[in-house]
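**Student:** My questions all concern the structure below.
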Amino acid sequence: MTTYPLVNNTSIIAILWGLGFFAKIIILTLIFFSIISWAIIIKKYFLFKKIKKSNDFLYRYFQERRSIFEFANMANEYPKNLLSKLIIVALNEWQKLNIENKANSQLNSDEKTHKLLQLLPNISETLQRTASQELEKMEQNVSFLATTGSVSPFLGLLGTVWGILSAFLSVRHIPVVTLQVIAPGISDALVTTVVGLLVAIPAVIAYNYFIGKIKNISDEIDRWSLEIIGDIRKKIVEE
């Protein structure tokens with residue numbers, strides 16, 4: 001019976017180099033997924049950190065306003081801020097509706113006020129469209145993390161199953177099979193599962209983290225939109 005020497009070289013490079021061709025393809029695919037995932041994680045982390053810092057800064061002043069109409073100049077100074085974008089589009093829509101309403105000369109003051117109040121849903125829809133566009137930008141590429149978290153363990157399992165199958169097929173003509181004969185092949189096959197989990201776990205954690213951040217921002221947008229609509233309604237009534 002052919003004997004196999006025991007190899008005690010467990011370095012990462014040695015293990016990966018000793019894998020079969022199919023397992024190496026699986027590993028390279030997982031590495032590709034990992035690189036893209038970490039690029040997205042790093043980019044999104046700093047993006048959400050920047051958004052939170054910017055929103056907290058501006059909302060601190062926004063809370064002290066008497067009306068969003070007095071806050072318009074500051075909003076224009078920070079046009080990339082999410083709260084500023086909502087205020088700007090809301091005021092632009094309000095001005096357009098107000099001009100159209102004032103042009104309707106056959107209506108008296110009370111009728112014009114009533115009509116403007118009826119047109120408030122137009123401003124709300126404008127805010128919703130703007131919010132939807134901004135949230136879509138934040139969600140961009142985040143779904144790749146979910147894909148990585150779902151697919152990577154199965155790719156690793158595929159490599160493991162293939163490696164174990166290959167290990168058993170390679171010894172099918174050996175009369176007596178011992179653990180020392182099949183252990184190297186099986187242990188090498190399990191490497192793909194380990195790599196798959198190492199790729200999937202950070203991706204899943206990051207995906208859930210970013211989804212939570214997006215949910216928090218979405219809730220803030222809803223609150224800001226209500227405050228903006230409230231200020232515009234108050235302005236219409238006062239006029």
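By order in the structure tokens, chains are A, B, ...; within a chain, residues start at 1; ligands start at 1, following the order shown.
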If we count only C-alpha atoms and set the cut-off at 12 Å, which residues sit around Leu28 in chain A, ignoring sequence neighbours fewer than 3 positions away in its own chain? Please answer as a PyMOL selection string.

**Tutor:** chain A and resi 16-17+19+21-25+31-35+152+155-156+159+192+195-196+199

**Student:** Please produce a file of the residues just selected, as a PDB file, in the first residue's frame, where the atoms kept are N, CA, C and O atoms.

**Tutor:**
```
ATOM      1  N   LEU A  16      -3.677  27.133   0.360  1.00  0.00           N
ATOM      2  CA  LEU A  16      -4.350  27.588  -0.860  1.00  0.00           C
ATOM      3  C   LEU A  16      -3.658  27.042  -2.106  1.00  0.00           C
ATOM      4  O   LEU A  16      -4.326  26.683  -3.087  1.00  0.00           O
ATOM      5  N   TRP A  17      -2.338  26.994  -2.063  1.00  0.00           N
ATOM      6  CA  TRP A  17      -1.588  26.503  -3.223  1.00  0.00           C
ATOM      7  C   TRP A  17      -1.848  25.012  -3.458  1.00  0.00           C
ATOM      8  O   TRP A  17      -1.809  24.535  -4.595  1.00  0.00           O
ATOM      9  N   LEU A  19      -4.641  23.463  -3.031  1.00  0.00           N
ATOM     10  CA  LEU A  19      -6.013  23.162  -3.441  1.00  0.00           C
ATOM     11  C   LEU A  19      -6.073  22.776  -4.915  1.00  0.00           C
ATOM     12  O   LEU A  19      -5.195  23.142  -5.702  1.00  0.00           O
ATOM     13  N   PHE A  21      -7.820  22.711  -8.811  1.00  0.00           N
ATOM     14  CA  PHE A  21      -8.132  23.806  -9.743  1.00  0.00           C
ATOM     15  C   PHE A  21      -9.506  24.396  -9.468  1.00  0.00           C
ATOM     16  O   PHE A  21      -9.678  25.616  -9.401  1.00  0.00           O
ATOM     17  N   PHE A  22     -10.504  23.531  -9.281  1.00  0.00           N
ATOM     18  CA  PHE A  22     -11.872  24.009  -9.054  1.00  0.00           C
ATOM     19  C   PHE A  22     -11.963  24.799  -7.745  1.00  0.00           C
ATOM     20  O   PHE A  22     -12.617  25.858  -7.681  1.00  0.00           O
ATOM     21  N   ALA A  23     -11.303  24.314  -6.702  1.00  0.00           N
ATOM     22  CA  ALA A  23     -11.305  25.008  -5.416  1.00  0.00           C
ATOM     23  C   ALA A  23     -10.629  26.371  -5.531  1.00  0.00           C
ATOM     24  O   ALA A  23     -11.073  27.350  -4.914  1.00  0.00           O
ATOM     25  N   LYS A  24      -9.568  26.436  -6.329  1.00  0.00           N
ATOM     26  CA  LYS A  24      -8.882  27.730  -6.518  1.00  0.00           C
ATOM     27  C   LYS A  24      -9.797  28.732  -7.225  1.00  0.00           C
ATOM     28  O   LYS A  24      -9.786  29.921  -6.906  1.00  0.00           O
ATOM     29  N   ILE A  25     -10.581  28.256  -8.187  1.00  0.00           N
ATOM     30  CA  ILE A  25     -11.541  29.144  -8.866  1.00  0.00           C
ATOM     31  C   ILE A  25     -12.559  29.683  -7.861  1.00  0.00           C
ATOM     32  O   ILE A  25     -12.902  30.871  -7.873  1.00  0.00           O
ATOM     33  N   ILE A  31     -12.677  35.829  -3.153  1.00  0.00           N
ATOM     34  CA  ILE A  31     -11.791  36.984  -2.926  1.00  0.00           C
ATOM     35  C   ILE A  31     -12.306  38.203  -3.687  1.00  0.00           C
ATOM     36  O   ILE A  31     -12.294  39.332  -3.170  1.00  0.00           O
ATOM     37  N   PHE A  32     -12.776  37.973  -4.914  1.00  0.00           N
ATOM     38  CA  PHE A  32     -13.350  39.060  -5.711  1.00  0.00           C
ATOM     39  C   PHE A  32     -14.562  39.667  -4.989  1.00  0.00           C
ATOM     40  O   PHE A  32     -14.682  40.895  -4.853  1.00  0.00           O
ATOM     41  N   PHE A  33     -15.457  38.811  -4.500  1.00  0.00           N
ATOM     42  CA  PHE A  33     -16.627  39.278  -3.752  1.00  0.00           C
ATOM     43  C   PHE A  33     -16.188  40.052  -2.508  1.00  0.00           C
ATOM     44  O   PHE A  33     -16.798  41.078  -2.158  1.00  0.00           O
ATOM     45  N   SER A  34     -15.155  39.554  -1.840  1.00  0.00           N
ATOM     46  CA  SER A  34     -14.687  40.194  -0.617  1.00  0.00           C
ATOM     47  C   SER A  34     -14.124  41.587  -0.895  1.00  0.00           C
ATOM     48  O   SER A  34     -14.409  42.547  -0.159  1.00  0.00           O
ATOM     49  N   ILE A  35     -13.329  41.720  -1.942  1.00  0.00           N
ATOM     50  CA  ILE A  35     -12.732  43.016  -2.275  1.00  0.00           C
ATOM     51  C   ILE A  35     -13.814  44.041  -2.586  1.00  0.00           C
ATOM     52  O   ILE A  35     -13.790  45.178  -2.091  1.00  0.00           O
ATOM     53  N   SER A 152     -21.907  33.643  -0.834  1.00  0.00           N
ATOM     54  CA  SER A 152     -20.568  33.189  -0.430  1.00  0.00           C
ATOM     55  C   SER A 152     -20.566  31.863   0.330  1.00  0.00           C
ATOM     56  O   SER A 152     -19.749  30.980   0.019  1.00  0.00           O
ATOM     57  N   LEU A 155     -21.074  29.098  -2.189  1.00  0.00           N
ATOM     58  CA  LEU A 155     -19.885  28.878  -3.021  1.00  0.00           C
ATOM     59  C   LEU A 155     -18.840  28.091  -2.235  1.00  0.00           C
ATOM     60  O   LEU A 155     -18.200  27.180  -2.769  1.00  0.00           O
ATOM     61  N   GLY A 156     -18.659  28.479  -0.962  1.00  0.00           N
ATOM     62  CA  GLY A 156     -17.713  27.741  -0.120  1.00  0.00           C
ATOM     63  C   GLY A 156     -18.129  26.295   0.065  1.00  0.00           C
ATOM     64  O   GLY A 156     -17.289  25.382   0.003  1.00  0.00           O
ATOM     65  N   GLY A 159     -17.390  24.316  -3.077  1.00  0.00           N
ATOM     66  CA  GLY A 159     -15.974  23.930  -3.143  1.00  0.00           C
ATOM     67  C   GLY A 159     -15.645  22.795  -2.202  1.00  0.00           C
ATOM     68  O   GLY A 159     -14.863  21.894  -2.543  1.00  0.00           O
ATOM     69  N   THR A 192     -12.517  26.056   1.566  1.00  0.00           N
ATOM     70  CA  THR A 192     -13.436  26.904   0.808  1.00  0.00           C
ATOM     71  C   THR A 192     -14.635  27.317   1.654  1.00  0.00           C
ATOM     72  O   THR A 192     -15.131  28.438   1.531  1.00  0.00           O
ATOM     73  N   VAL A 195     -13.394  30.105   3.982  1.00  0.00           N
ATOM     74  CA  VAL A 195     -13.247  31.364   3.245  1.00  0.00           C
ATOM     75  C   VAL A 195     -14.614  31.951   2.916  1.00  0.00           C
ATOM     76  O   VAL A 195     -14.831  33.162   3.024  1.00  0.00           O
ATOM     77  N   GLY A 196     -15.546  31.090   2.521  1.00  0.00           N
ATOM     78  CA  GLY A 196     -16.899  31.563   2.212  1.00  0.00           C
ATOM     79  C   GLY A 196     -17.543  32.249   3.406  1.00  0.00           C
ATOM     80  O   GLY A 196     -18.180  33.300   3.264  1.00  0.00           O
ATOM     81  N   VAL A 199     -15.985  35.656   4.152  1.00  0.00           N
ATOM     82  CA  VAL A 199     -16.462  36.679   3.216  1.00  0.00           C
ATOM     83  C   VAL A 199     -17.893  37.083   3.544  1.00  0.00           C
ATOM     84  O   VAL A 199     -18.248  38.267   3.506  1.00  0.00           O
TER      85      VAL A 199
END
```

**Student:** Identify, on the basis of only C-alpha atoms, every residue whose closest approach to Trp94 in chain A does not exceed 9 Å; exclude the query and any residue fewer than 6 positions from it along the same chain; express the result as JSON, numbers by chain.

**Tutor:** {"A": [116, 119, 120, 122, 123, 232]}

**Student:** Put those residues in a file: N, CA, C and O atoms, as a short mmCIF file (atom, residue, chain, number, x, y, z; two decimals), in the first residue's frame.

**Tutor:**
```cif
data_model
loop_
_atom_site.label_atom_id
_atom_site.label_comp_id
_atom_site.auth_asym_id
_atom_site.auth_seq_id
_atom_site.Cartn_x
_atom_site.Cartn_y
_atom_site.Cartn_z
N LEU A 116 -54.88 77.21 -1.74
CA LEU A 116 -53.48 76.87 -1.43
C LEU A 116 -53.41 75.71 -0.44
O LEU A 116 -52.56 74.83 -0.56
N LEU A 119 -53.74 72.59 -2.10
CA LEU A 119 -52.58 72.22 -2.93
C LEU A 119 -51.38 71.76 -2.11
O LEU A 119 -50.34 71.43 -2.68
N LEU A 120 -51.52 71.74 -0.78
CA LEU A 120 -50.42 71.28 0.08
C LEU A 120 -49.95 69.86 -0.26
O LEU A 120 -48.76 69.57 -0.17
N ASN A 122 -49.49 68.66 -3.07
CA ASN A 122 -48.51 68.78 -4.16
C ASN A 122 -47.10 68.95 -3.60
O ASN A 122 -46.14 68.36 -4.10
N ILE A 123 -46.98 69.77 -2.54
CA ILE A 123 -45.68 69.97 -1.91
C ILE A 123 -45.23 68.69 -1.22
O ILE A 123 -44.05 68.33 -1.28
N ILE A 232 -45.32 75.73 6.10
CA ILE A 232 -45.97 76.29 4.91
C ILE A 232 -47.46 76.49 5.16
O ILE A 232 -48.04 77.51 4.76
#
```

**Student:** Using only C-alpha atoms, find the one residue out of A:Lys235, A:Lys96, A:Lys44, A:Lys80 that sits nearest to Ile214 in chain A.

**Tutor:**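 Closest residue, counting only C-alpha atoms: A:Lys44.
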
**Student:** May I ask which of the residues A:Tyr78, A:Gly149, A:Gln63, A:Asn92 is the closest one to Ala200 in chain A, counting only C-alpha atoms?

**Tutor:**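 Of the candidates, the smallest distance to Ala200 in chain A is held by A:Gly149.
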
**Student:** Record the distance separating CA of Thr130 in chain A and CA of Asn98 in chain A, expressed in Å with one decimal.

**Tutor:** 20.3 Å

**Student:** Work out how far CA of Ile40 in chain A is from CA of Val142 in chain A, in Å to one decimal.

**Tutor:**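 Interatomic distance, CA of Val142 in chain A to CA of Ile40 in chain A: 7.3 Å.
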
**Student:** Just want the 12 Å neighbourhood of Lys43 in chain A, counted on only C-alpha atoms, with same-chain residues fewer than 6 positions away dropped. Output as a PyMOL selection string.

**Tutor:** chain A and resi 36-37+49-50+138+140-142+206+210

**Student:** Among range 50-105 of chain A, which ones does DSSP assign to alpha helix (DSSP H) (computed from the backbone)? Answer as a VMD selection string.

**Tutor:** chain A and resid 50 to 62 68 to 77 82 to 102

**Student:** Take the selection from the previous step and output its residues with C-alpha atoms, as a compact mmCIF listing (two decimals), in the first residue's frame.

**Tutor:**
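Just written: result_30.txt:
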```
# COMPACT_ATOMS: atom_id res chain seq x y z
CA LYS A 50 -20.73 62.47 6.64
CA ILE A 51 -24.52 62.55 6.15
CA LYS A 52 -25.18 62.24 9.89
CA LYS A 53 -22.68 64.95 10.78
CA SER A 54 -24.12 67.31 8.15
CA ASN A 55 -27.75 66.62 9.12
CA ASP A 56 -27.10 67.01 12.85
CA PHE A 57 -25.30 70.31 12.25
CA LEU A 58 -28.06 71.84 10.13
CA TYR A 59 -30.99 70.44 12.11
CA ARG A 60 -29.63 72.04 15.26
CA TYR A 61 -30.18 75.44 13.62
CA PHE A 62 -33.39 74.30 11.92
CA ILE A 68 -38.57 77.68 7.08
CA PHE A 69 -38.86 80.87 5.04
CA GLU A 70 -36.31 82.46 7.39
CA PHE A 71 -34.18 79.32 7.07
CA ALA A 72 -34.10 79.44 3.25
CA ASN A 73 -30.84 81.43 3.02
CA MET A 74 -28.99 78.96 5.26
CA ALA A 75 -30.40 76.05 3.27
CA ASN A 76 -29.01 77.61 0.09
CA GLU A 77 -25.58 77.82 1.73
CA LEU A 82 -30.37 66.44 2.75
CA LEU A 83 -32.48 68.77 4.89
CA SER A 84 -31.53 71.71 2.66
CA LYS A 85 -32.62 69.84 -0.44
CA LEU A 86 -36.03 69.16 1.08
CA ILE A 87 -36.48 72.78 2.11
CA ILE A 88 -35.38 74.13 -1.28
CA VAL A 89 -37.69 71.89 -3.34
CA ALA A 90 -40.59 72.57 -0.96
CA LEU A 91 -40.15 76.33 -1.16
CA ASN A 92 -39.75 76.24 -4.95
CA GLU A 93 -42.99 74.26 -5.26
CA TRP A 94 -44.76 76.58 -2.84
CA GLN A 95 -43.65 79.68 -4.73
CA LYS A 96 -44.84 78.20 -8.01
CA LEU A 97 -48.24 77.33 -6.55
CA ASN A 98 -48.49 80.71 -4.81
CA ILE A 99 -47.75 82.61 -8.02
CA GLU A 100 -50.33 80.61 -9.92
CA ASN A 101 -52.86 81.17 -7.17
CA LYS A 102 -52.29 84.95 -7.03
```

**Student:** How many Å lie between CA of Ala203 in chain A and CA of Thr148 in chain A, rounded to one decimal?

**Tutor:**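 Going from CA of Ala203 in chain A over to CA of Thr148 in chain A, I get 6.4 Å.
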
**Student:** Using only C-alpha atoms, which of A:Ala39, A:Ala146, A:Leu30, A:Leu197 sits nearest Tyr209 in chain A?

**Tutor:**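 For Tyr209 in chain A, the nearest of the given residues is A:Ala146.
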